[in-house]
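Have a look at query35.cif below; it lists mmCIF, C-alpha atoms and all ligand atoms.
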```
data_protein
#
loop_
_atom_site.label_atom_id
_atom_site.label_comp_id
_atom_site.auth_asym_id
_atom_site.auth_seq_id
_atom_site.Cartn_x
_atom_site.Cartn_y
_atom_site.Cartn_z
CA MET K 24 8.49 17.89 10.64
CA SER K 25 4.80 18.67 10.02
CA GLU K 26 2.34 16.04 11.27
CA PRO K 27 3.52 12.80 9.56
CA ILE K 28 1.24 11.23 6.95
CA LEU K 29 2.78 7.82 7.72
CA LYS K 30 4.52 6.58 10.82
CA THR K 31 5.78 3.22 12.02
CA SER K 32 6.59 2.64 15.65
CA ARG K 33 8.91 -0.26 16.47
CA VAL K 34 7.45 -2.60 13.84
CA SER K 35 8.83 -6.14 13.67
CA LYS K 36 8.20 -9.17 11.48
CA SER K 37 9.59 -12.68 11.92
CA PHE K 38 9.41 -15.73 9.69
CA GLY K 39 10.00 -18.64 12.07
CA GLY K 40 13.40 -17.88 13.60
CA LEU K 41 14.30 -15.21 11.02
CA LYS K 42 13.78 -11.63 12.18
CA ALA K 43 13.18 -9.96 8.82
CA ILE K 44 12.28 -6.56 10.39
CA ARG K 45 13.31 -5.56 13.90
CA ASP K 46 11.98 -2.52 15.78
CA VAL K 47 11.86 -0.15 12.81
CA SER K 48 10.45 3.34 13.48
CA PHE K 49 10.26 6.16 10.95
CA GLU K 50 8.02 9.02 9.87
CA VAL K 51 7.15 10.35 6.43
CA ALA K 52 5.99 13.94 5.95
CA PRO K 53 3.12 14.73 3.56
CA GLY K 54 4.42 15.54 0.07
CA GLU K 55 7.79 13.92 0.65
CA ILE K 56 9.68 11.44 -1.56
CA PHE K 57 11.11 9.08 1.05
CA GLY K 58 13.72 6.59 -0.14
CA ILE K 59 14.40 3.16 1.37
CA ALA K 60 17.60 1.29 0.59
CA GLY K 61 19.71 -1.54 1.94
CA PRO K 62 21.53 -4.66 0.78
CA ASN K 63 19.61 -7.66 -0.64
CA GLY K 64 17.54 -9.37 2.02
CA SER K 65 17.72 -6.41 4.44
CA GLY K 66 13.92 -6.32 4.81
CA LYS K 67 12.80 -3.53 2.45
CA SER K 68 9.93 -5.41 0.78
CA THR K 69 8.91 -6.91 4.12
CA LEU K 70 8.62 -3.35 5.47
CA PHE K 71 6.27 -2.47 2.58
CA ASN K 72 4.25 -5.63 3.30
CA ILE K 73 3.91 -4.70 6.96
CA ILE K 74 2.70 -1.18 6.14
CA THR K 75 0.15 -2.17 3.48
CA GLY K 76 -0.97 -5.43 5.08
CA ILE K 77 -0.30 -7.19 1.75
CA PRO K 78 0.04 -10.05 2.42
CA PHE K 79 0.65 -9.59 6.16
CA GLY K 80 0.92 -6.96 8.89
CA PRO K 81 3.60 -6.73 11.59
CA ASN K 82 4.05 -9.24 14.45
CA ALA K 83 4.65 -6.30 16.77
CA GLY K 84 4.66 -2.51 16.69
CA GLU K 85 2.29 0.06 15.22
CA VAL K 86 1.62 1.61 11.81
CA TRP K 87 -0.17 4.97 11.61
CA PHE K 88 -1.57 6.54 8.41
CA LYS K 89 -3.22 9.97 8.32
CA GLY K 90 -3.53 9.92 12.11
CA LYS K 91 -5.23 6.49 12.25
CA ARG K 92 -3.70 3.24 13.43
CA ILE K 93 -3.82 0.77 10.49
CA ASP K 94 -1.86 -2.32 11.58
CA GLY K 95 -4.32 -5.18 11.92
CA GLN K 96 -6.71 -3.61 9.36
CA PRO K 97 -7.55 -5.66 6.25
CA ALA K 98 -5.36 -4.75 3.26
CA PHE K 99 -8.29 -3.57 1.11
CA LYS K 100 -9.32 -1.09 3.81
CA ILE K 101 -5.79 0.28 4.03
CA ALA K 102 -5.71 0.63 0.23
CA ARG K 103 -9.05 2.46 0.19
CA MET K 104 -7.83 4.85 2.88
CA GLY K 105 -5.33 6.05 0.27
CA LEU K 106 -2.26 3.87 0.43
CA SER K 107 -1.31 2.23 -2.85
CA ARG K 108 1.67 0.05 -3.76
CA THR K 109 3.44 -1.74 -6.58
CA PHE K 110 5.44 -4.96 -6.42
CA GLN K 111 8.93 -5.89 -7.61
CA LYS K 112 7.61 -8.21 -10.27
CA ASP K 113 5.60 -6.61 -13.08
CA ALA K 114 2.16 -8.20 -13.05
CA GLU K 115 0.30 -7.19 -16.16
CA PHE K 116 -2.72 -8.87 -17.75
CA PRO K 117 -1.08 -9.73 -21.10
CA ASP K 118 -4.32 -9.90 -23.11
CA LEU K 119 -5.87 -6.72 -21.71
CA SER K 120 -5.07 -3.33 -23.19
CA ALA K 121 -3.52 -0.65 -21.01
CA ARG K 122 -6.90 1.10 -20.87
CA GLU K 123 -8.68 -2.12 -19.79
CA THR K 124 -5.97 -2.77 -17.18
CA LEU K 125 -6.56 0.62 -15.60
CA ALA K 126 -10.33 0.09 -15.68
CA VAL K 127 -9.89 -3.20 -13.78
CA SER K 128 -7.68 -1.47 -11.17
CA ALA K 129 -10.15 1.38 -10.82
CA VAL K 130 -13.21 -0.82 -10.37
CA PHE K 131 -11.68 -3.52 -8.15
CA CYS K 132 -9.10 -1.56 -6.16
CA GLY K 133 -10.62 1.90 -6.20
CA GLY K 134 -14.26 0.81 -5.88
CA LEU K 135 -15.30 3.18 -8.70
CA ASP K 136 -18.18 2.96 -11.19
CA ARG K 137 -17.44 2.78 -14.95
CA ARG K 138 -17.71 6.53 -15.61
CA GLN K 139 -15.47 7.45 -12.67
CA ALA K 140 -13.09 4.65 -13.68
CA ALA K 141 -12.76 6.08 -17.21
CA GLU K 142 -12.11 9.60 -15.85
CA ARG K 143 -9.54 8.42 -13.33
CA SER K 144 -7.82 6.28 -15.97
CA GLU K 145 -7.36 9.36 -18.20
CA GLU K 146 -5.88 11.28 -15.24
CA ALA K 147 -3.53 8.43 -14.34
CA PHE K 148 -2.40 7.99 -17.97
CA ALA K 149 -1.68 11.72 -18.18
CA LEU K 150 0.25 11.73 -14.90
CA VAL K 151 2.65 9.01 -16.09
CA ALA K 152 2.75 10.46 -19.66
CA PHE K 153 1.56 7.20 -21.25
CA ALA K 154 1.45 7.66 -25.05
CA PRO K 155 -2.22 8.00 -26.16
CA HIS K 156 -1.73 5.82 -29.28
CA ARG K 157 -0.48 2.89 -27.15
CA ARG K 158 -3.40 2.79 -24.71
CA ASP K 159 -5.55 0.32 -26.68
CA MET K 160 -2.93 -2.26 -27.56
CA ALA K 161 -2.53 -5.53 -25.62
CA SER K 162 -0.22 -5.12 -22.60
CA ALA K 163 1.95 -8.03 -23.78
CA GLY K 164 3.14 -5.83 -26.67
CA LEU K 165 4.20 -2.89 -24.48
CA SER K 166 7.87 -2.03 -23.90
CA VAL K 167 9.50 -2.61 -20.49
CA PHE K 168 9.21 1.11 -19.72
CA GLU K 169 5.57 1.26 -20.82
CA LYS K 170 4.80 -1.69 -18.51
CA LYS K 171 6.35 0.30 -15.65
CA GLN K 172 4.26 3.35 -16.59
CA LEU K 173 1.16 1.14 -16.64
CA MET K 174 2.01 -0.43 -13.27
CA ILE K 175 2.41 3.02 -11.71
CA ALA K 176 -0.75 4.32 -13.41
CA SER K 177 -2.67 1.31 -12.02
CA ALA K 178 -1.52 2.24 -8.52
CA LEU K 179 -2.51 5.88 -9.11
CA VAL K 180 -5.99 5.27 -10.46
CA SER K 181 -7.48 5.12 -6.94
CA LYS K 182 -5.98 8.61 -6.29
CA PRO K 183 -3.83 7.52 -3.33
CA ASP K 184 -2.27 9.91 -0.84
CA ILE K 185 0.80 7.67 -0.72
CA LEU K 186 2.31 5.69 -3.57
CA MET K 187 4.75 2.95 -2.52
CA LEU K 188 7.07 1.72 -5.27
CA ASP K 189 9.22 -1.41 -4.91
CA GLU K 190 12.25 -1.20 -7.22
CA PRO K 191 10.53 0.48 -10.18
CA ALA K 192 13.84 1.05 -12.03
CA SER K 193 14.77 -2.64 -12.29
CA GLY K 194 15.33 -3.70 -15.89
CA LEU K 195 15.39 -0.12 -17.23
CA THR K 196 18.11 1.47 -19.38
CA LYS K 197 19.87 4.69 -18.33
CA PRO K 198 17.64 6.97 -20.46
CA GLU K 199 14.55 5.14 -19.16
CA ILE K 200 15.75 5.67 -15.56
CA GLN K 201 16.04 9.38 -16.40
CA ALA K 202 12.46 9.29 -17.72
CA LEU K 203 11.34 7.50 -14.53
CA ASP K 204 13.03 10.25 -12.48
CA THR K 205 10.89 12.84 -14.31
CA LEU K 206 7.77 10.68 -13.93
CA LEU K 207 8.24 10.37 -10.16
CA ARG K 208 8.78 14.12 -9.80
CA ASN K 209 5.60 14.81 -11.80
CA VAL K 210 3.54 12.40 -9.68
CA ASN K 211 4.97 13.96 -6.52
CA ALA K 212 4.30 17.49 -7.81
CA ALA K 213 0.65 16.44 -8.25
CA GLY K 214 0.50 16.00 -4.46
CA VAL K 215 1.27 12.30 -4.04
CA THR K 216 3.68 11.34 -1.24
CA ILE K 217 6.07 8.64 -2.47
CA LEU K 218 7.90 5.84 -0.65
CA LEU K 219 10.55 4.42 -2.94
CA ILE K 220 12.56 1.21 -2.53
CA GLU K 221 15.35 1.31 -5.09
CA HIS K 222 18.69 -0.37 -5.77
CA VAL K 223 19.52 2.19 -8.48
CA LEU K 224 21.17 4.65 -6.12
CA THR K 225 21.52 7.45 -8.71
CA LEU K 226 17.71 7.56 -8.99
CA LEU K 227 17.16 7.18 -5.26
CA MET K 228 19.65 9.95 -4.43
CA SER K 229 18.25 12.21 -7.13
CA VAL K 230 14.58 12.16 -6.11
CA SER K 231 14.55 11.39 -2.36
CA GLN K 232 14.36 14.14 0.23
CA ARG K 233 15.24 11.65 2.97
CA LEU K 234 16.56 8.12 3.09
CA LEU K 235 16.11 5.17 5.42
CA ILE K 236 18.80 2.49 5.25
CA LEU K 237 18.04 -1.02 6.45
CA ASN K 238 20.57 -3.74 7.20
CA GLN K 239 19.65 -7.23 8.39
CA GLY K 240 16.15 -6.04 9.26
CA GLN K 241 17.36 -3.13 11.37
CA GLN K 242 17.40 0.59 10.85
CA LEU K 243 20.99 1.56 10.12
CA ALA K 244 20.59 5.24 9.24
CA GLU K 245 18.00 7.86 8.35
CA GLY K 246 18.27 11.42 7.09
CA GLU K 247 19.42 13.62 4.23
CA PRO K 248 20.54 11.29 1.40
CA ARG K 249 24.13 12.51 0.88
CA ALA K 250 24.85 12.63 4.62
CA VAL K 251 23.40 9.12 5.08
CA MET K 252 25.43 7.66 2.22
CA ARG K 253 28.65 9.12 3.70
CA GLN K 254 28.16 7.30 7.02
CA PRO K 255 30.90 4.66 7.54
CA ASP K 256 28.43 1.99 8.74
CA VAL K 257 26.28 2.52 5.61
CA ILE K 258 29.33 2.25 3.33
CA GLU K 259 30.36 -0.90 5.20
CA ALA K 260 26.90 -2.48 4.84
CA TYR K 261 27.01 -1.90 1.07
CA LEU K 262 30.68 -2.54 0.33
CA GLY K 263 31.89 -4.70 3.23
CA LYS K 264 34.60 -3.90 5.80
CA ARG K 265 38.14 -3.02 4.75
CA THR K 266 40.49 -5.82 5.72
CA GLN K 267 43.56 -3.54 5.91
N1 LIG K 301 7.22 -14.85 3.13
C1 LIG K 301 8.45 -15.09 3.62
N2 LIG K 301 8.73 -16.23 4.26
C2 LIG K 301 9.97 -16.47 4.77
N3 LIG K 301 11.00 -15.60 4.70
C3 LIG K 301 10.78 -14.43 4.07
C4 LIG K 301 9.51 -14.12 3.49
N4 LIG K 301 9.59 -12.88 2.94
C5 LIG K 301 10.85 -12.46 3.15
N5 LIG K 301 11.57 -13.38 3.81
C6 LIG K 301 12.97 -13.26 4.25
O1 LIG K 301 13.08 -12.03 4.98
C7 LIG K 301 14.33 -11.38 4.67
C8 LIG K 301 14.04 -10.01 4.12
O2 LIG K 301 13.48 -10.17 2.82
P1 LIG K 301 12.99 -8.94 1.94
O3 LIG K 301 12.45 -9.48 0.67
O4 LIG K 301 12.12 -8.06 2.75
O5 LIG K 301 14.37 -8.16 1.66
P2 LIG K 301 14.68 -7.00 0.63
O6 LIG K 301 15.55 -6.02 1.32
O7 LIG K 301 13.42 -6.50 0.00
O8 LIG K 301 15.55 -7.79 -0.46
P3 LIG K 301 15.81 -7.49 -2.02
O9 LIG K 301 16.61 -6.23 -2.10
O10 LIG K 301 16.60 -8.68 -2.48
O11 LIG K 301 14.47 -7.39 -2.69
C9 LIG K 301 15.07 -12.29 3.71
O12 LIG K 301 15.95 -13.09 4.46
C10 LIG K 301 13.96 -13.12 3.09
O13 LIG K 301 14.44 -14.39 2.67
#
```
Give the structure from this file in C-alpha cells form.
Amino acid sequence: MSEPILKTSRVSKSFGGLKAIRDVSFEVAPGEIFGIAGPNGSGKSTLFNIITGIPFGPNAGEVWFKGKRIDGQPAFKIARMGLSRTFQKDAEFPDLSARETLAVSAVFCGGLDRRQAAERSEEAFALVAFAPHRRDMASAGLSVFEKKQLMIASALVSKPDILMLDEPASGLTKPEIQALDTLLRNVNAAGVTILLIEHVLTLLMSVSQRLLILNQGQQLAEGEPRAVMRQPDVIEAYLGKRTQ
C-alpha cells in the first residue's frame, strides 16, 4: 500500500467494564473507499468516535492522519485537518433551508468567511447532485434522500481529505440506495477518501475496495470484500453457528 492517509494502531475504548473496541489496527490508503461492517453493537460507531475525537478519543493506542498523530487532539482540530464525519441519526435544522444549512457548516466547521462559504456550498451541492430548485426550501420539507444528500454535503463543505459516513443508507429505498452508490462514487472520484459503516451489504460490497469486519469490539477480518465475506468466522458472526 502507498503511505496510508489514516492509520490506527491497537486502539481500544472501554465504557466501565465493557470493552467496546479492543486493539484494532488498520490502514486506509489515499483515494480508497474503505468499508466497515459487523453485527449490531460490534463497535463500528465507537471506532469512528475514537478516530474523530467526537465525542471521545481512545483509552489506548494511536491514531495517525496524514502522517501526524491525532489521538488526544481536540475534535475541532482533527476536523480542520481534513477529517469530516456524519452520524447515524440525521440532524438537520428543520427551519433552515439547505443553502443556509451548508452556510452554517461552512462557517462553523470549516472556518470560512461568507464568500468562501457560498462558493464551497455550491461545490458541495454539485458533488452530491442536490437539485437546484430545492436548495432554498426549509429542510423539514426535504425527502429522506435529500436529507441524506444535505448531510453529506454538509460534511463535504470543509473540503475534507477523508469523509466518514455512519450508515448513510438507513431508511432508503432500493432505488435511493442505487443513487447513493453513484453519489459515493462521484465524491470518491473527486479525490475524497471514504470510510463507510454500512449494514446494507449490497452497497458496502459494491463500493468498497477493502472491508474491515468487527465483532464484539475486535477485528475479525480485513481485506478484499468478497474474500472477507466468504470467511467462515465472518459468516458465523453474521448468521450464527450451525447447530448440526
Ligand atoms: N457512550 C457509551 N457509553 C456506554 N456504552 C457505550 C457507549 N457507546 C457505545 N457503547 C456500547 O459499546 C458497544 C459498541 O457500540 P457501537 O455503537 O460502537 O456499536 P455499532 O457496531 O456501531 O452498533 P450498531 O450497528 O447497532 O450501530 C455497545 O455494546 C454499546 O452499547
Produce as a PyMOL selection string the set of residues near ligand LIG 301 (chain K), where near means within 12 Å with all atoms listed in the file considered.
chain K and resi 35-45+59-73+77-80+110-112+188-191+193+219-223+235-242+261
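If you measure from each of K:Met252, K:Met228, K:Leu234, K:Leu165 to Glu50 of chain K using all atoms listed in the file, the closest one turns out to be K:Leu234.
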Could the centre and edge lengths of an axis-aligned box, enclosing all atoms of segment 100-110 of chain K in the file with 4 Å extra on each side, be given in Å to one decimal as lines of an AutoDock Vina configuration file?
```
center_x = -1.9
center_y = 0.5
center_z = -1.3
size_x = 22.8
size_y = 19.0
size_z = 18.6
```
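Put simply, atom CA of Gly95 of chain K is 15.4 Å away from atom CA of Leu29 of chain K.
The nearest approach to Leu179 of chain K among the residues K:Phe88, K:Phe49, K:Phe131, K:Phe148, with only C-alpha atoms taken into account, belongs to K:Phe148.
For Ala121 of chain K, the list of residues within 10 Å, based on all atoms listed in the file and with local chain neighbours fewer than 6 positions off taken out, reads K:Glu115, K:Val127, K:Ser144, K:Phe148, K:Phe153, K:Arg157, K:Arg158, K:Asp159, K:Met160, K:Ala161, K:Ser162, K:Ala163, K:Leu165, K:Glu169, K:Lys170, K:Gln172, K:Leu173, K:Met174, K:Ala176, K:Ser177.
Closest to Phe99 of chain K among K:Ser231, K:Ser128, K:Thr75, K:Thr225 is K:Thr75, based on only C-alpha atoms.
Nearest-residue note for Glu146 of chain K: choosing from K:Val167, K:Val210, K:Ala202, K:Met187, the minimum distance belongs to K:Val210, counting all atoms listed in the file.
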Neighbours of segment 32-34 of chain K within 7 Å (only C-alpha atoms; same-chain residues fewer than 6 positions away dropped), as a PyMOL selection string?
chain K and resi 45-49+81+83-86
